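S.K.: This is final.pdb, which holds PDB, C-alpha atoms:
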```pdb
MODEL        1
ATOM      1  CA  MET O   1      25.218  53.415 -32.449
ATOM      2  CA  ILE O   2      22.377  55.116 -34.318
ATOM      3  CA  GLU O   3      23.031  58.677 -35.482
ATOM      4  CA  THR O   4      20.329  61.100 -36.645
ATOM      5  CA  GLU O   5      20.558  64.071 -38.996
ATOM      6  CA  LEU O   6      17.779  66.526 -39.860
ATOM      7  CA  ILE O   7      17.914  66.989 -43.640
ATOM      8  CA  GLY O   8      14.618  68.737 -44.361
ATOM      9  CA  GLU O   9      11.268  70.017 -43.132
ATOM     10  CA  THR O  10       7.716  70.224 -44.470
ATOM     11  CA  PRO O  11       5.551  73.383 -44.476
ATOM     12  CA  TYR O  12       3.360  71.824 -41.766
ATOM     13  CA  GLY O  13       5.868  70.973 -39.060
ATOM     14  CA  GLY O  14       7.074  67.628 -40.387
ATOM     15  CA  GLU O  15      10.717  66.579 -40.449
ATOM     16  CA  VAL O  16      12.885  64.486 -42.761
ATOM     17  CA  ILE O  17      15.557  62.744 -40.695
ATOM     18  CA  TYR O  18      18.428  60.580 -41.930
ATOM     19  CA  LEU O  19      19.210  57.591 -39.706
ATOM     20  CA  HIS O  20      22.583  55.878 -39.847
ATOM     21  CA  SER O  21      24.136  53.014 -37.899
ATOM     22  CA  ASP O  22      27.173  50.782 -38.252
ATOM     23  CA  LYS O  23      24.915  47.794 -37.458
ATOM     24  CA  PRO O  24      22.035  47.296 -39.955
ATOM     25  CA  TYR O  25      19.840  45.401 -37.495
ATOM     26  CA  GLU O  26      19.642  48.520 -35.301
ATOM     27  CA  ILE O  27      17.683  50.321 -38.031
ATOM     28  CA  SER O  28      15.381  47.299 -38.300
ATOM     29  CA  ALA O  29      14.744  47.452 -34.549
ATOM     30  CA  VAL O  30      13.672  51.082 -34.858
ATOM     31  CA  ARG O  31      11.328  50.145 -37.709
ATOM     32  CA  ILE O  32       9.721  47.542 -35.450
ATOM     33  CA  PHE O  33       9.171  50.095 -32.693
ATOM     34  CA  ILE O  34       7.635  52.740 -34.960
ATOM     35  CA  SER O  35       4.799  50.409 -35.955
ATOM     36  CA  VAL O  36       3.226  50.185 -32.491
ATOM     37  CA  ARG O  37       5.198  52.836 -30.577
ATOM     38  CA  LYS O  38       5.509  50.500 -27.648
ATOM     39  CA  ALA O  39       8.610  48.659 -26.472
ATOM     40  CA  MET O  40       8.623  44.930 -25.732
ATOM     41  CA  LYS O  41       8.477  44.783 -21.939
ATOM     42  CA  ASP O  42      10.679  41.730 -21.551
ATOM     43  CA  LEU O  43      13.428  43.343 -23.661
ATOM     44  CA  VAL O  44      13.169  46.985 -22.554
ATOM     45  CA  ASN O  45      12.924  47.739 -18.839
ATOM     46  CA  LYS O  46      11.255  51.171 -19.070
ATOM     47  CA  PRO O  47       8.235  52.690 -20.874
ATOM     48  CA  ILE O  48       9.173  54.415 -24.126
ATOM     49  CA  GLU O  49       6.798  56.451 -26.284
ATOM     50  CA  THR O  50       8.872  58.213 -28.947
ATOM     51  CA  ILE O  51      11.325  57.196 -31.646
ATOM     52  CA  GLU O  52      13.938  59.559 -30.211
ATOM     53  CA  ASP O  53      13.722  57.930 -26.773
ATOM     54  CA  PHE O  54      13.874  54.454 -28.291
ATOM     55  CA  ILE O  55      16.973  55.326 -30.317
ATOM     56  CA  SER O  56      18.564  56.784 -27.193
ATOM     57  CA  TYR O  57      17.772  53.569 -25.299
ATOM     58  CA  LEU O  58      19.273  51.383 -28.037
ATOM     59  CA  ASN O  59      22.428  53.485 -28.058
ATOM     60  CA  ARG O  60      22.797  52.878 -24.316
ATOM     61  CA  HIS O  61      21.850  49.182 -24.595
ATOM     62  CA  PRO O  62      23.214  47.980 -27.970
ATOM     63  CA  ASP O  63      22.459  44.310 -27.288
ATOM     64  CA  VAL O  64      18.694  44.931 -27.340
ATOM     65  CA  SER O  65      18.476  45.556 -31.104
ATOM     66  CA  LYS O  66      19.480  42.064 -32.173
ATOM     67  CA  SER O  67      17.007  40.439 -29.764
ATOM     68  CA  TYR O  68      14.283  42.757 -31.048
ATOM     69  CA  VAL O  69      14.831  41.711 -34.651
ATOM     70  CA  LYS O  70      15.069  37.998 -33.839
ATOM     71  CA  ARG O  71      11.753  38.157 -31.971
ATOM     72  CA  ILE O  72       9.862  39.752 -34.866
ATOM     73  CA  LEU O  73      11.387  37.467 -37.489
ATOM     74  CA  ARG O  74       9.933  34.524 -35.567
ATOM     75  CA  TYR O  75       6.512  36.015 -36.325
ATOM     76  CA  HIS O  76       7.320  35.828 -40.070
ATOM     77  CA  HIS O  77       7.547  39.585 -40.669
ATOM     78  CA  GLY O  78      10.131  38.949 -43.351
ATOM     79  CA  ASP O  79      10.606  42.510 -44.614
ATOM     80  CA  ILE O  80      12.339  43.379 -41.322
ATOM     81  CA  GLY O  81      15.098  41.086 -42.570
ATOM     82  CA  GLU O  82      15.795  43.419 -45.501
ATOM     83  CA  MET O  83      18.462  45.349 -43.630
ATOM     84  CA  GLU O  84      20.592  48.393 -44.361
ATOM     85  CA  ASN O  85      22.647  50.608 -42.126
ATOM     86  CA  TYR O  86      20.621  53.706 -43.020
ATOM     87  CA  ALA O  87      17.014  54.827 -43.519
ATOM     88  CA  PHE O  88      14.865  57.937 -43.811
ATOM     89  CA  TYR O  89      12.572  58.820 -40.916
ATOM     90  CA  PHE O  90       9.578  61.027 -41.737
ATOM     91  CA  LYS O  91       8.283  62.560 -38.519
ATOM     92  CA  SER O  92       4.906  64.311 -38.049
ATOM     93  CA  VAL O  93       3.769  63.882 -41.637
ATOM     94  CA  SER O  94       0.260  63.235 -42.921
ATOM     95  CA  ARG O  95      -1.228  59.925 -43.964
ATOM     96  CA  LEU O  96      -1.614  61.530 -47.377
ATOM     97  CA  PHE O  97       2.175  61.720 -47.584
ATOM     98  CA  THR O  98       2.727  58.134 -46.475
ATOM     99  CA  PHE O  99       0.078  56.934 -48.934
ATOM    100  CA  LEU O 100       1.710  58.764 -51.837
ATOM    101  CA  SER O 101       5.219  57.774 -50.780
ATOM    102  CA  TRP O 102       4.463  54.102 -51.458
ATOM    103  CA  ILE O 103       2.943  54.516 -54.930
ATOM    104  CA  PRO O 104       6.243  54.658 -56.871
ATOM    105  CA  ILE O 105       7.919  51.940 -54.808
ATOM    106  CA  GLY O 106       7.685  48.492 -56.343
ATOM    107  CA  ALA O 107       8.758  46.395 -59.289
ATOM    108  CA  ASN O 108       6.388  48.085 -61.730
ATOM    109  CA  ARG O 109       8.195  51.411 -61.331
ATOM    110  CA  GLY O 110      11.644  50.007 -60.756
ATOM    111  CA  ILE O 111      12.191  51.580 -57.322
ATOM    112  CA  LYS O 112      12.952  49.079 -54.590
ATOM    113  CA  GLY O 113      12.167  50.058 -51.029
ATOM    114  CA  VAL O 114      11.007  48.731 -47.681
ATOM    115  CA  GLY O 115       9.648  50.537 -44.679
ATOM    116  CA  THR O 116       7.269  50.712 -41.758
ATOM    117  CA  GLU O 117       4.594  53.243 -40.801
ATOM    118  CA  LEU O 118       3.093  53.985 -37.415
ATOM    119  CA  SER O 119       0.008  51.784 -37.429
ATOM    120  CA  LEU O 120      -3.346  53.183 -36.350
ATOM    121  CA  ARG O 121      -4.382  49.548 -35.937
ATOM    122  CA  TYR O 122      -2.423  49.586 -32.675
ATOM    123  CA  VAL O 123      -1.837  53.261 -31.792
ATOM    124  CA  GLU O 124      -4.574  55.724 -30.845
ATOM    125  CA  HIS O 125      -5.117  58.650 -33.192
ATOM    126  CA  TYR O 126      -3.052  61.574 -31.878
ATOM    127  CA  GLY O 127      -3.875  64.619 -33.983
ATOM    128  CA  PHE O 128      -3.337  66.186 -37.376
ATOM    129  CA  ILE O 129      -0.603  68.073 -39.204
ATOM    130  CA  ASP O 130      -0.494  71.872 -38.753
ATOM    131  CA  HIS O 131      -1.945  72.837 -42.141
ATOM    132  CA  GLY O 132      -3.836  75.990 -41.040
ATOM    133  CA  ASN O 133      -6.902  75.279 -43.206
ATOM    134  CA  SER O 134     -10.076  76.191 -41.274
ATOM    135  CA  VAL O 135     -12.404  74.128 -43.469
ATOM    136  CA  LEU O 136     -10.264  71.029 -43.081
ATOM    137  CA  SER O 137      -9.915  71.696 -39.343
ATOM    138  CA  LYS O 138     -13.701  71.591 -38.976
ATOM    139  CA  LEU O 139     -13.804  68.263 -40.788
ATOM    140  CA  GLU O 140     -11.028  66.980 -38.525
ATOM    141  CA  ASP O 141     -12.987  67.972 -35.407
ATOM    142  CA  GLU O 142     -16.030  66.076 -36.643
ATOM    143  CA  ALA O 143     -13.933  63.047 -37.587
ATOM    144  CA  THR O 144     -12.199  63.056 -34.196
ATOM    145  CA  SER O 145     -15.535  63.230 -32.400
ATOM    146  CA  LEU O 146     -16.817  60.270 -34.400
ATOM    147  CA  TYR O 147     -13.560  58.372 -33.826
ATOM    148  CA  ARG O 148     -13.824  58.844 -30.049
ATOM    149  CA  GLU O 149     -17.460  57.807 -30.093
ATOM    150  CA  LEU O 150     -16.565  54.621 -31.943
ATOM    151  CA  ARG O 151     -13.731  53.877 -29.525
ATOM    152  CA  SER O 152     -16.019  54.473 -26.528
ATOM    153  CA  CYS O 153     -18.368  51.885 -28.037
ATOM    154  CA  LYS O 154     -15.473  49.387 -28.045
ATOM    155  CA  VAL O 155     -14.928  49.574 -31.806
ATOM    156  CA  ALA O 156     -11.383  48.354 -32.483
ATOM    157  CA  LYS O 157      -8.764  50.949 -33.440
ATOM    158  CA  GLU O 158      -8.153  49.174 -36.745
ATOM    159  CA  ASP O 159     -11.810  49.765 -37.699
ATOM    160  CA  ALA O 160     -12.333  53.208 -36.146
ATOM    161  CA  ARG O 161      -9.315  54.655 -37.989
ATOM    162  CA  TYR O 162     -11.181  54.674 -41.303
ATOM    163  CA  VAL O 163     -13.239  57.749 -40.320
ATOM    164  CA  LEU O 164     -10.062  59.851 -40.011
ATOM    165  CA  PRO O 165      -9.019  62.106 -42.929
ATOM    166  CA  LEU O 166      -5.652  61.875 -44.673
ATOM    167  CA  SER O 167      -4.419  64.921 -42.741
ATOM    168  CA  THR O 168      -4.036  62.629 -39.717
ATOM    169  CA  ARG O 169      -0.526  62.834 -38.274
ATOM    170  CA  THR O 170       1.679  59.776 -38.564
ATOM    171  CA  GLU O 171       5.326  58.831 -39.133
ATOM    172  CA  GLU O 172       7.265  56.261 -41.090
ATOM    173  CA  ILE O 173      10.735  54.926 -41.758
ATOM    174  CA  ILE O 174      11.647  53.968 -45.316
ATOM    175  CA  HIS O 175      14.790  52.518 -46.820
ATOM    176  CA  VAL O 176      15.420  53.311 -50.491
ATOM    177  CA  GLN O 177      18.816  52.732 -52.071
ATOM    178  CA  VAL O 178      20.760  55.998 -52.165
ATOM    179  CA  GLY O 179      21.869  57.302 -55.524
ATOM    180  CA  ARG O 180      19.697  56.535 -58.533
ATOM    181  CA  ASP O 181      16.704  54.924 -56.807
ATOM    182  CA  LEU O 182      16.512  57.669 -54.186
ATOM    183  CA  ALA O 183      16.717  60.317 -56.912
ATOM    184  CA  LYS O 184      13.879  58.711 -58.888
ATOM    185  CA  TRP O 185      11.710  58.332 -55.794
ATOM    186  CA  ALA O 186      12.392  61.893 -54.652
ATOM    187  CA  ASN O 187      11.556  63.174 -58.130
ATOM    188  CA  TYR O 188       8.135  61.509 -57.993
ATOM    189  CA  LEU O 189       7.474  63.157 -54.640
ATOM    190  CA  LYS O 190       8.706  66.561 -55.803
ATOM    191  CA  LYS O 191       6.254  66.552 -58.727
ATOM    192  CA  GLU O 192       3.218  65.884 -56.557
ATOM    193  CA  PRO O 193       0.653  68.752 -56.343
ATOM    194  CA  PHE O 194       0.787  68.755 -52.523
ATOM    195  CA  SER O 195       3.242  71.097 -50.808
ATOM    196  CA  GLU O 196       4.041  68.662 -47.988
ATOM    197  CA  VAL O 197       4.944  65.857 -50.378
ATOM    198  CA  SER O 198       6.895  68.042 -52.802
ATOM    199  CA  ALA O 199       8.877  69.562 -49.909
ATOM    200  CA  VAL O 200      10.039  66.093 -48.859
ATOM    201  CA  GLY O 201      11.030  65.321 -52.458
ATOM    202  CA  GLU O 202      13.070  68.517 -52.715
ATOM    203  CA  ALA O 203      14.826  67.810 -49.406
ATOM    204  CA  LEU O 204      15.770  64.284 -50.502
ATOM    205  CA  ILE O 205      17.022  65.473 -53.900
ATOM    206  CA  LYS O 206      19.206  68.136 -52.287
ATOM    207  CA  TRP O 207      20.596  65.705 -49.693
ATOM    208  CA  ASN O 208      21.309  63.040 -52.330
ATOM    209  CA  GLU O 209      23.220  65.542 -54.471
ATOM    210  CA  GLU O 210      25.237  66.952 -51.568
ATOM    211  CA  GLU O 211      25.898  63.677 -49.734
ATOM    212  CA  ASN O 212      26.284  61.244 -52.636
ATOM    213  CA  ALA O 213      27.174  63.566 -55.529
ATOM    214  CA  PHE O 214      24.272  62.078 -57.472
ATOM    215  CA  SER O 215      21.974  64.057 -59.726
ATOM    216  CA  LEU O 216      19.524  62.162 -61.919
ATOM    217  CA  PRO O 217      20.169  62.868 -65.635
ATOM    218  CA  SER O 218      17.186  64.598 -67.244
ATOM    219  CA  ILE O 219      16.863  61.760 -69.748
ATOM    220  CA  GLU O 220      16.099  59.395 -66.843
ATOM    221  CA  LEU O 221      13.470  61.593 -65.213
ATOM    222  CA  PRO O 222      10.129  59.739 -65.310
ATOM    223  CA  ALA O 223       7.976  61.129 -68.107
ATOM    224  CA  SER O 224       4.601  60.341 -66.546
ATOM    225  CA  ARG O 225       3.004  61.563 -63.366
ATOM    226  CA  MET O 226       1.500  59.427 -60.650
ATOM    227  CA  PRO O 227      -2.121  58.880 -61.767
ATOM    228  CA  LEU O 228      -3.999  60.993 -59.228
ATOM    229  CA  ARG O 229      -5.988  62.813 -61.897
ATOM    230  CA  LYS O 230      -7.330  61.871 -65.286
ATOM    231  CA  LYS O 231      -4.969  64.216 -67.111
ATOM    232  CA  ASP O 232      -2.058  62.312 -65.592
ATOM    233  CA  GLU O 233      -2.992  58.976 -67.160
ATOM    234  CA  ASP O 234       0.151  57.293 -68.416
ATOM    235  CA  LYS O 235       0.642  55.611 -71.779
ATOM    236  CA  GLN O 236       0.137  52.105 -70.424
ATOM    237  CA  ARG O 237      -3.271  53.060 -69.087
ATOM    238  CA  GLY O 238      -4.156  54.614 -72.439
ATOM    239  CA  LEU O 239      -3.180  51.443 -74.288
ATOM    240  CA  LEU O 240      -5.216  49.308 -71.907
ATOM    241  CA  LYS O 241      -8.175  51.600 -72.371
ATOM    242  CA  MET O 242      -7.944  51.243 -76.162
ATOM    243  CA  PHE O 243      -7.652  47.454 -75.871
ATOM    244  CA  LEU O 244     -10.793  47.228 -73.751
ATOM    245  CA  ALA O 245     -12.765  49.791 -75.759
ATOM    246  CA  ASN O 246     -14.470  47.209 -77.976
ATOM    247  CA  LYS O 247     -15.179  44.819 -75.122
ATOM    248  CA  SER O 248     -18.629  44.491 -73.604
ATOM    249  CA  GLY O 249     -19.355  46.788 -70.689
ATOM    250  CA  LYS O 250     -18.293  50.329 -69.850
ATOM    251  CA  ILE O 251     -14.729  51.319 -69.005
ATOM    252  CA  TYR O 252     -13.810  54.608 -67.386
ATOM    253  CA  TYR O 253     -11.141  56.207 -65.190
ATOM    254  CA  ASN O 254     -12.244  56.540 -61.557
ATOM    255  CA  ARG O 255     -10.296  59.368 -59.899
ATOM    256  CA  ASN O 256     -11.219  58.156 -56.400
ATOM    257  CA  LEU O 257      -9.925  54.635 -57.001
ATOM    258  CA  GLN O 258      -7.101  55.989 -59.189
ATOM    259  CA  ALA O 259      -7.701  53.150 -61.594
ATOM    260  CA  LEU O 260      -9.591  52.051 -64.669
ATOM    261  CA  VAL O 261     -12.955  50.522 -63.819
ATOM    262  CA  TRP O 262     -14.479  48.024 -66.223
ATOM    263  CA  SER O 263     -18.086  46.958 -65.709
ATOM    264  CA  SER O 264     -18.479  43.687 -67.559
ATOM    265  CA  ARG O 265     -21.707  41.798 -68.192
ATOM    266  CA  ARG O 266     -21.443  38.026 -68.057
TER     267      ARG O 266
ENDMDL
END
```
Turn this file's structure into structure tokens for me.
M.R.:
Amino acid sequence: MIETELIGETPYGGEVIYLHSDKPYEISAVRIFISVRKAMKDLVNKPIETIEDFISYLNRHPDVSKSYVKRILRYHHGDIGEMENYAFYFKSVSRLFTFLSWIPIGANRGIKGVGTELSLRYVEHYGFIDHGNSVLSKLEDEATSLYRELRSCKVAKEDARYVLPLSTRTEEIIHVQVGRDLAKWANYLKKEPFSEVSAVGEALIKWNEEENAFSLPSIELPASRMPLRKKDEDKQRGLLKMFLANKSGKIYYNRNLQALVWSSRR
């Protein structure tokens, strides 16, 4: 039985939802569905288009979840096998949020997490977040027009999606260990200079404190920002820059790539 709890909202109509189940593989089944937003016809006997409807179906047909997971594991999607009986579902958020949400997750930052995002490789573009910015809205209209033109010319969704801006609406489910890892991850999000992302971080911090009695000690708060701008370069990047300074070629920080670029002559 999968239970849902709304624990926060973004300024642009997005929702932060806590998913919980007594059977970990049920959460994995929902992650599988969110990727393509289409149920496997031989396992589900009715068309389903939303996460809420899929969860409702699984709760009425609990045997489906295990078959769902077994099927996908045969295709070697191993991360579905990293199971937990809870996850965080981010509904109607931007691709900017999902992009930033993955930056701090990984061995290099010490935050372990797995998750799945609605894939525009398989799902048609279905709108943008409600940001209220007229300039961005005009850009979105132009991008949508170009996207539809590409699709009408039989360009695959996975190629046409690249003309869409990061305000494109999407959704994702992520599992991060509650307690310390969740607090560190939420802190990264809270410090981002984007109101949507910081709102999610604040909601997760508040929930973690209330639900798990965990508040990250100030001494453990990450000292560096995510490197979106030059002024946020961390110490490791500075050291690397110094090391490469006397090497042949030019090295500089590219804000678009969010990385050091080194042009070497050979």
S.K.: Can you list, as a list in words, every protein, DNA or RNA residue that comes within 7 Å of Ala87 of chain O when you count all atoms listed in the file, leaving out same-chain residues fewer than 5 positions away?
M.R.: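 Everything that qualifies: Tyr18, Leu19, His20, Ile173, Ile174 and His175 of chain O.
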S.K.: Excluding segment 155-167 of chain O and residues on its chain fewer than 6 positions from it, collect all residues at most 10 Å away from it, counting only C-alpha atoms, and give them as a PDB file with C-alpha atoms, keeping the file's coordinate frame.
M.R.:
```
ATOM      1  CA  VAL O  93       3.769  63.882 -41.637  1.00  0.00           C
ATOM      2  CA  SER O  94       0.260  63.235 -42.921  1.00  0.00           C
ATOM      3  CA  ARG O  95      -1.228  59.925 -43.964  1.00  0.00           C
ATOM      4  CA  LEU O  96      -1.614  61.530 -47.377  1.00  0.00           C
ATOM      5  CA  PHE O  97       2.175  61.720 -47.584  1.00  0.00           C
ATOM      6  CA  THR O  98       2.727  58.134 -46.475  1.00  0.00           C
ATOM      7  CA  PHE O  99       0.078  56.934 -48.934  1.00  0.00           C
ATOM      8  CA  SER O 119       0.008  51.784 -37.429  1.00  0.00           C
ATOM      9  CA  LEU O 120      -3.346  53.183 -36.350  1.00  0.00           C
ATOM     10  CA  ARG O 121      -4.382  49.548 -35.937  1.00  0.00           C
ATOM     11  CA  TYR O 122      -2.423  49.586 -32.675  1.00  0.00           C
ATOM     12  CA  VAL O 123      -1.837  53.261 -31.792  1.00  0.00           C
ATOM     13  CA  GLU O 124      -4.574  55.724 -30.845  1.00  0.00           C
ATOM     14  CA  HIS O 125      -5.117  58.650 -33.192  1.00  0.00           C
ATOM     15  CA  GLY O 127      -3.875  64.619 -33.983  1.00  0.00           C
ATOM     16  CA  PHE O 128      -3.337  66.186 -37.376  1.00  0.00           C
ATOM     17  CA  ILE O 129      -0.603  68.073 -39.204  1.00  0.00           C
ATOM     18  CA  ASP O 130      -0.494  71.872 -38.753  1.00  0.00           C
ATOM     19  CA  HIS O 131      -1.945  72.837 -42.141  1.00  0.00           C
ATOM     20  CA  LEU O 136     -10.264  71.029 -43.081  1.00  0.00           C
ATOM     21  CA  SER O 137      -9.915  71.696 -39.343  1.00  0.00           C
ATOM     22  CA  LEU O 139     -13.804  68.263 -40.788  1.00  0.00           C
ATOM     23  CA  GLU O 140     -11.028  66.980 -38.525  1.00  0.00           C
ATOM     24  CA  ASP O 141     -12.987  67.972 -35.407  1.00  0.00           C
ATOM     25  CA  GLU O 142     -16.030  66.076 -36.643  1.00  0.00           C
ATOM     26  CA  ALA O 143     -13.933  63.047 -37.587  1.00  0.00           C
ATOM     27  CA  THR O 144     -12.199  63.056 -34.196  1.00  0.00           C
ATOM     28  CA  SER O 145     -15.535  63.230 -32.400  1.00  0.00           C
ATOM     29  CA  LEU O 146     -16.817  60.270 -34.400  1.00  0.00           C
ATOM     30  CA  TYR O 147     -13.560  58.372 -33.826  1.00  0.00           C
ATOM     31  CA  ARG O 148     -13.824  58.844 -30.049  1.00  0.00           C
ATOM     32  CA  GLU O 149     -17.460  57.807 -30.093  1.00  0.00           C
TER      33      GLU O 149
END
```
S.K.: What is the distance between atom CA of Glu211 of chain O and atom CA of Tyr86 of chain O, in Å to one decimal?
M.R.: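 Between atom CA of Glu211 of chain O and atom CA of Tyr86 of chain O the gap is 13.1 Å.
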S.K.: Atom CA of Gly201 of chain O and atom CA of His77 of chain O are how many Å apart?
M.R.: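 Going from atom CA of Gly201 of chain O over to atom CA of His77 of chain O, I get 28.5 Å.
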S.K.: Determine, counting all atoms listed in the file, which protein, DNA and RNA residues have an atom within 12 Å of an atom of Trp207 of chain O; residues of the same chain fewer than 6 positions away are not included. Present the result as an MDAnalysis selection string.
M.R.: chainID O and resid 5:8 16:18 88 178:179 182:183 186 200:201 213:215
S.K.: I need the residue set behind the PyMOL selection byres ((chain O and resi 10) around 10) for this file; please write it as a PyMOL selection string.
M.R.: chain O and resi 8-9+11-16+90-93+195-203
S.K.: Report as a list in words the full result of the PyMOL selection byres ((chain O and resi 27) around 8) when it is applied to this structure.
M.R.: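 Here the PyMOL selection byres ((chain O and resi 27) around 8) matches Ile2, Leu19, His20, Ser21, Lys23, Pro24, Tyr25, Glu26, Ser28, Ala29, Val30, Arg31, Met83, Glu84, Asn85, Tyr86 and Ala87 of chain O.
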S.K.: One number please: atom CA of Lys66 of chain O to atom CA of Tyr89 of chain O, in Å, one decimal.
M.R.: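 According to the coordinates, atom CA of Lys66 of chain O and atom CA of Tyr89 of chain O are separated by 20.1 Å.
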S.K.: Could you check which of O:Leu189, O:Val64, O:Val261, O:Leu204 is closest to Ile103 of chain O, using all atoms listed in the file?
M.R.: O:Leu189
S.K.: Smallest atom-to-atom distance to His61 of chain O: which of O:Glu82, O:Asp181, O:Phe33, O:Met1, using all atoms listed in the file?
M.R.: O:Met1
S.K.: Would you mind listing what lies within 8 Å of Leu118 of chain O as a PyMOL selection string, with all atoms listed in the file counted and same-chain residues fewer than 2 positions away left out?
M.R.: chain O and resi 34-37+116+120+123+170-172
S.K.: Let me have the centre and edge lengths in Å, one decimal, of the box along x, y and z around every listed atom of segment 62-67 of chain O with 4 Å of margin on each side, as lines of an AutoDock Vina configuration file.
M.R.:
```
center_x = 20.1
center_y = 44.2
center_z = -29.7
size_x = 14.2
size_y = 15.5
size_z = 12.9
```
